[in-house]
Amino acid sequence: QVQLVESGGGLVQPGGSLRLSCATSGVIFSMYTMVGWSRQAPGKQRELVATVSGDGTTRYTDRVKGRFTISRDNEKKTVSLQMNNLQPEDTAVYYCNVNRFGDNYWGQGTQVTVSS
């Protein structure tokens, strides 16, 4: 059974930082496993934030380039998202995602709120 559990969300002031983590089980981390983070703000569609492929290639939405950094640990089967210089528009529920050979898995999400 595949499980993804996010942690690290919370309330932070504008300009602050948070580090999200995603612990996984039941998933093989290999060259063919794509992992990433998405977010969904109230009343908006889910948005893909960042991905890292099996070969280490990272991609980011323009909204977070230069502020967020995604990383993966294949041995520990974890995915992290370092978020710096957070802004109110980053407020959302953040979801960890794993895709392997077309099978897509999601975590339950962790709330990130950026407010003064």
# chains A, B, ... in the order shown; residues from 1 in each chain; ligands from 1
>>> residues_around(residues="A:Asp55", least_positions_apart="6", cutoff="9 Å", atoms="only C-alpha atoms", output="number ranges by chain")
A: 30-32
>>> write_last_selection(atoms="all heavy atoms", output="PDB file, in the first residue's frame")
ATOM      1  N   SER A  30      13.192   5.369  -8.116  1.00  0.00           N
ATOM      2  CA  SER A  30      14.182   4.978  -9.107  1.00  0.00           C
ATOM      3  C   SER A  30      14.241   6.031 -10.196  1.00  0.00           C
ATOM      4  O   SER A  30      13.619   7.092 -10.091  1.00  0.00           O
ATOM      5  CB  SER A  30      13.809   3.614  -9.712  1.00  0.00           C
ATOM      6  OG  SER A  30      12.711   3.765 -10.600  1.00  0.00           O
ATOM      7  N   MET A  31      14.954   5.705 -11.263  1.00  0.00           N
ATOM      8  CA  MET A  31      15.051   6.628 -12.388  1.00  0.00           C
ATOM      9  C   MET A  31      13.690   6.907 -13.005  1.00  0.00           C
ATOM     10  O   MET A  31      13.504   7.906 -13.677  1.00  0.00           O
ATOM     11  CB  MET A  31      15.974   6.031 -13.452  1.00  0.00           C
ATOM     12  CG  MET A  31      17.430   6.183 -13.157  1.00  0.00           C
ATOM     13  SD  MET A  31      17.959   7.898 -13.371  1.00  0.00           S
ATOM     14  CE  MET A  31      17.713   8.086 -15.134  1.00  0.00           C
ATOM     15  N   TYR A  32      12.755   6.017 -12.784  1.00  0.00           N
ATOM     16  CA  TYR A  32      11.451   6.146 -13.430  1.00  0.00           C
ATOM     17  C   TYR A  32      10.388   6.730 -12.502  1.00  0.00           C
ATOM     18  O   TYR A  32       9.198   6.691 -12.806  1.00  0.00           O
ATOM     19  CB  TYR A  32      11.010   4.774 -13.929  1.00  0.00           C
ATOM     20  CG  TYR A  32      12.056   4.137 -14.800  1.00  0.00           C
ATOM     21  CD1 TYR A  32      12.845   3.099 -14.321  1.00  0.00           C
ATOM     22  CD2 TYR A  32      12.288   4.600 -16.086  1.00  0.00           C
ATOM     23  CE1 TYR A  32      13.835   2.534 -15.095  1.00  0.00           C
ATOM     24  CE2 TYR A  32      13.266   4.034 -16.875  1.00  0.00           C
ATOM     25  CZ  TYR A  32      14.036   3.008 -16.373  1.00  0.00           C
ATOM     26  OH  TYR A  32      15.016   2.460 -17.145  1.00  0.00           O
TER      27      TYR A  32
END
>>> closest_atom_pairs(of="stretch 72-116 of chain A", to="stretch 42-49 of chain A", cutoff="10 Å", atoms="only C-alpha atoms", output="tab-separated table")
residue	atom	partner	partner_atom	distance
A:Leu81	CA	A:Val49	CA	9.7
A:Thr91	CA	A:Pro42	CA	8.9
A:Ala92	CA	A:Pro42	CA	7.0
A:Val93	CA	A:Pro42	CA	8.5
A:Tyr94	CA	A:Val49	CA	9.0
A:Tyr95	CA	A:Arg46	CA	9.2
A:Asn97	CA	A:Leu48	CA	9.6
>>> write_last_selection(atoms="C-alpha atoms", output="short mmCIF file (atom, residue, chain, number, x, y, z; two decimals), in the first residue's frame")
data_model
loop_
_atom_site.label_atom_id
_atom_site.label_comp_id
_atom_site.auth_asym_id
_atom_site.auth_seq_id
_atom_site.Cartn_x
_atom_site.Cartn_y
_atom_site.Cartn_z
CA LEU A 81 10.49 21.48 -0.47
CA THR A 91 -0.85 30.36 1.11
CA ALA A 92 -2.32 26.99 0.16
CA VAL A 93 -2.54 23.35 1.02
CA TYR A 94 0.62 21.69 -0.28
CA TYR A 95 0.49 18.14 -1.60
CA ASN A 97 2.96 13.66 -5.42
#
>>> residues_around(residues="stretch 68-72 of chain A", least_positions_apart="5", cutoff="9 Å", atoms="only C-alpha atoms", output="PDB file with N, CA and C atoms, in the first residue's frame")
ATOM      1  N   VAL A  35       8.806  12.780  -8.676  1.00  0.00           N
ATOM      2  CA  VAL A  35       8.198  13.268  -7.436  1.00  0.00           C
ATOM      3  C   VAL A  35       8.035  14.770  -7.519  1.00  0.00           C
ATOM      4  N   GLY A  36       7.067  15.277  -6.783  1.00  0.00           N
ATOM      5  CA  GLY A  36       6.839  16.708  -6.858  1.00  0.00           C
ATOM      6  C   GLY A  36       5.917  17.223  -5.776  1.00  0.00           C
ATOM      7  N   TRP A  37       5.716  18.523  -5.813  1.00  0.00           N
ATOM      8  CA  TRP A  37       4.809  19.216  -4.898  1.00  0.00           C
ATOM      9  C   TRP A  37       3.830  20.042  -5.712  1.00  0.00           C
ATOM     10  N   VAL A  49       3.802  22.895  -8.424  1.00  0.00           N
ATOM     11  CA  VAL A  49       4.792  23.859  -7.935  1.00  0.00           C
ATOM     12  C   VAL A  49       6.200  23.479  -8.371  1.00  0.00           C
ATOM     13  N   ALA A  50       6.564  22.225  -8.144  1.00  0.00           N
ATOM     14  CA  ALA A  50       7.929  21.790  -8.455  1.00  0.00           C
ATOM     15  C   ALA A  50       7.968  20.283  -8.621  1.00  0.00           C
ATOM     16  N   THR A  51       8.880  19.832  -9.478  1.00  0.00           N
ATOM     17  CA  THR A  51       9.091  18.399  -9.664  1.00  0.00           C
ATOM     18  C   THR A  51      10.581  18.104  -9.731  1.00  0.00           C
ATOM     19  N   VAL A  52      10.921  16.878  -9.382  1.00  0.00           N
ATOM     20  CA  VAL A  52      12.292  16.404  -9.585  1.00  0.00           C
ATOM     21  C   VAL A  52      12.206  14.990 -10.126  1.00  0.00           C
ATOM     22  N   GLY A  56      17.336  13.620 -11.441  1.00  0.00           N
ATOM     23  CA  GLY A  56      17.668  14.811 -10.666  1.00  0.00           C
ATOM     24  C   GLY A  56      17.273  16.123 -11.306  1.00  0.00           C
ATOM     25  N   THR A  58      15.211  19.216 -12.068  1.00  0.00           N
ATOM     26  CA  THR A  58      14.167  19.922 -11.320  1.00  0.00           C
ATOM     27  C   THR A  58      13.458  20.917 -12.226  1.00  0.00           C
ATOM     28  N   ARG A  59      12.191  21.120 -11.940  1.00  0.00           N
ATOM     29  CA  ARG A  59      11.398  22.109 -12.660  1.00  0.00           C
ATOM     30  C   ARG A  59      10.508  22.831 -11.660  1.00  0.00           C
ATOM     31  N   TYR A  60      10.279  24.111 -11.933  1.00  0.00           N
ATOM     32  CA  TYR A  60       9.481  24.943 -11.035  1.00  0.00           C
ATOM     33  C   TYR A  60       8.515  25.799 -11.828  1.00  0.00           C
ATOM     34  N   LYS A  77      13.580   7.627   0.637  1.00  0.00           N
ATOM     35  CA  LYS A  77      12.279   7.738  -0.046  1.00  0.00           C
ATOM     36  C   LYS A  77      11.494   8.936   0.479  1.00  0.00           C
ATOM     37  N   THR A  78      12.178  10.049   0.524  1.00  0.00           N
ATOM     38  CA  THR A  78      11.526  11.278   0.973  1.00  0.00           C
ATOM     39  C   THR A  78      11.674  12.372  -0.084  1.00  0.00           C
ATOM     40  N   VAL A  79      10.769  13.327  -0.010  1.00  0.00           N
ATOM     41  CA  VAL A  79      10.789  14.482  -0.900  1.00  0.00           C
ATOM     42  C   VAL A  79      10.655  15.722  -0.027  1.00  0.00           C
ATOM     43  N   SER A  80      11.450  16.730  -0.307  1.00  0.00           N
ATOM     44  CA  SER A  80      11.399  17.951   0.492  1.00  0.00           C
ATOM     45  C   SER A  80      11.196  19.159  -0.393  1.00  0.00           C
ATOM     46  N   LEU A  81      10.658  20.204   0.217  1.00  0.00           N
ATOM     47  CA  LEU A  81      10.490  21.484  -0.473  1.00  0.00           C
ATOM     48  C   LEU A  81      10.903  22.583   0.481  1.00  0.00           C
ATOM     49  N   GLN A  82      12.029  23.201   0.195  1.00  0.00           N
ATOM     50  CA  GLN A  82      12.488  24.346   0.966  1.00  0.00           C
ATOM     51  C   GLN A  82      11.875  25.601   0.362  1.00  0.00           C
ATOM     52  N   MET A  83      11.138  26.340   1.177  1.00  0.00           N
ATOM     53  CA  MET A  83      10.438  27.517   0.693  1.00  0.00           C
ATOM     54  C   MET A  83      10.964  28.744   1.418  1.00  0.00           C
ATOM     55  N   ASN A  84      11.564  29.650   0.666  1.00  0.00           N
ATOM     56  CA  ASN A  84      12.109  30.883   1.237  1.00  0.00           C
ATOM     57  C   ASN A  84      11.351  32.088   0.711  1.00  0.00           C
ATOM     58  N   ASN A  85      11.480  33.177   1.422  1.00  0.00           N
ATOM     59  CA  ASN A  85      10.824  34.436   1.032  1.00  0.00           C
ATOM     60  C   ASN A  85       9.343  34.207   0.711  1.00  0.00           C
ATOM     61  N   LEU A  86       8.682  33.546   1.612  1.00  0.00           N
ATOM     62  CA  LEU A  86       7.270  33.233   1.394  1.00  0.00           C
ATOM     63  C   LEU A  86       6.424  34.498   1.367  1.00  0.00           C
TER      64      LEU A  86
END
>>> atom_distance(atom1="atom CA of A:Thr57", atom2="atom CA of A:Thr33")
11.7 Å
>>> closest_residue(among="A:Ala23, A:Val64, A:Met34, A:Val112", to="A:Gln3", atoms="only C-alpha atoms")
A:Ala23
>>> residues_around(residues="A:Leu11", least_positions_apart="2", cutoff="8 Å", atoms="only C-alpha atoms", output="count of residues only")
6
>>> atom_distance(atom1="atom CA of A:Lys76", atom2="atom CA of A:Trp106")
17.7 Å
>>> residues_around(residues="A:Leu4", least_positions_apart="2", cutoff="8 Å", atoms="only C-alpha atoms", output="list in words")
Val2, Glu6, Cys22, Ala23, Thr24, Ser25, Cys96, Asn97, Tyr105, Trp106, Gly107 and Gln108 of chain A
>>> write_last_selection(atoms="N, CA, C and O atoms", output="compact mmCIF listing (two decimals), in the first residue's frame")
# COMPACT_ATOMS: atom_id res chain seq x y z
N VAL A 2 0.58 2.15 -0.90
CA VAL A 2 1.36 3.38 -1.02
C VAL A 2 0.84 4.42 -0.04
O VAL A 2 -0.37 4.64 0.06
N GLU A 6 2.78 14.21 4.36
CA GLU A 6 3.45 15.51 4.37
C GLU A 6 3.54 16.06 5.78
O GLU A 6 2.68 15.78 6.62
N CYS A 22 8.02 15.07 2.84
CA CYS A 22 7.06 14.04 2.46
C CYS A 22 7.72 12.68 2.66
O CYS A 22 8.70 12.37 1.98
N ALA A 23 7.19 11.94 3.59
CA ALA A 23 7.67 10.58 3.83
C ALA A 23 6.80 9.61 3.05
O ALA A 23 5.58 9.72 3.07
N THR A 24 7.43 8.70 2.36
CA THR A 24 6.67 7.77 1.55
C THR A 24 6.95 6.32 1.96
O THR A 24 7.99 6.02 2.54
N SER A 25 6.00 5.48 1.63
CA SER A 25 6.18 4.04 1.83
C SER A 25 5.43 3.32 0.73
O SER A 25 4.43 3.84 0.21
N CYS A 96 2.18 16.45 -1.67
CA CYS A 96 3.27 15.68 -2.23
C CYS A 96 2.69 14.72 -3.28
O CYS A 96 1.59 14.19 -3.10
N ASN A 97 3.44 14.49 -4.33
CA ASN A 97 2.96 13.66 -5.42
C ASN A 97 4.09 12.75 -5.92
O ASN A 97 5.23 13.21 -6.06
N TYR A 105 0.21 9.07 -7.17
CA TYR A 105 -0.14 8.98 -5.76
C TYR A 105 -0.02 10.36 -5.11
O TYR A 105 0.88 11.13 -5.45
N TRP A 106 -0.94 10.62 -4.18
CA TRP A 106 -0.97 11.91 -3.50
C TRP A 106 -1.03 11.73 -1.99
O TRP A 106 -1.61 10.77 -1.49
N GLY A 107 -0.46 12.70 -1.30
CA GLY A 107 -0.61 12.74 0.14
C GLY A 107 -1.87 13.50 0.52
O GLY A 107 -2.62 13.95 -0.35
N GLN A 108 -2.10 13.65 1.83
CA GLN A 108 -3.29 14.33 2.33
C GLN A 108 -3.11 15.85 2.36
O GLN A 108 -4.10 16.58 2.48
>>> closest_residue(among="A:Asn74, A:Ser53, A:Gln111, A:Ser21", to="A:Val5", atoms="only C-alpha atoms")
A:Ser21
>>> atom_distance(atom1="atom CA of A:Ser7", atom2="atom CA of A:Asp103")
22.7 Å
>>> closest_residue(among="A:Glu89, A:Glu75, A:Gly26, A:Ser38", to="A:Gly109", atoms="only C-alpha atoms")
A:Ser38
>>> closest_residue(among="A:Ser116, A:Gln40, A:Ser17, A:Thr110", to="A:Arg67", atoms="only C-alpha atoms")
A:Ser17
>>> select_by_dssp(residues="chain A", states="strand (DSSP E)", output="JSON, numbers by chain")
{"A": [3, 4, 5, 6, 7, 10, 11, 12, 18, 19, 20, 21, 22, 23, 24, 25, 33, 34, 35, 36, 37, 38, 39, 40, 47, 48, 49, 50, 51, 52, 58, 59, 60, 68, 69, 70, 71, 72, 73, 78, 79, 80, 81, 82, 83, 92, 93, 94, 95, 96, 97, 98, 99, 100, 103, 104, 105, 106, 110, 111, 112, 113, 114]}
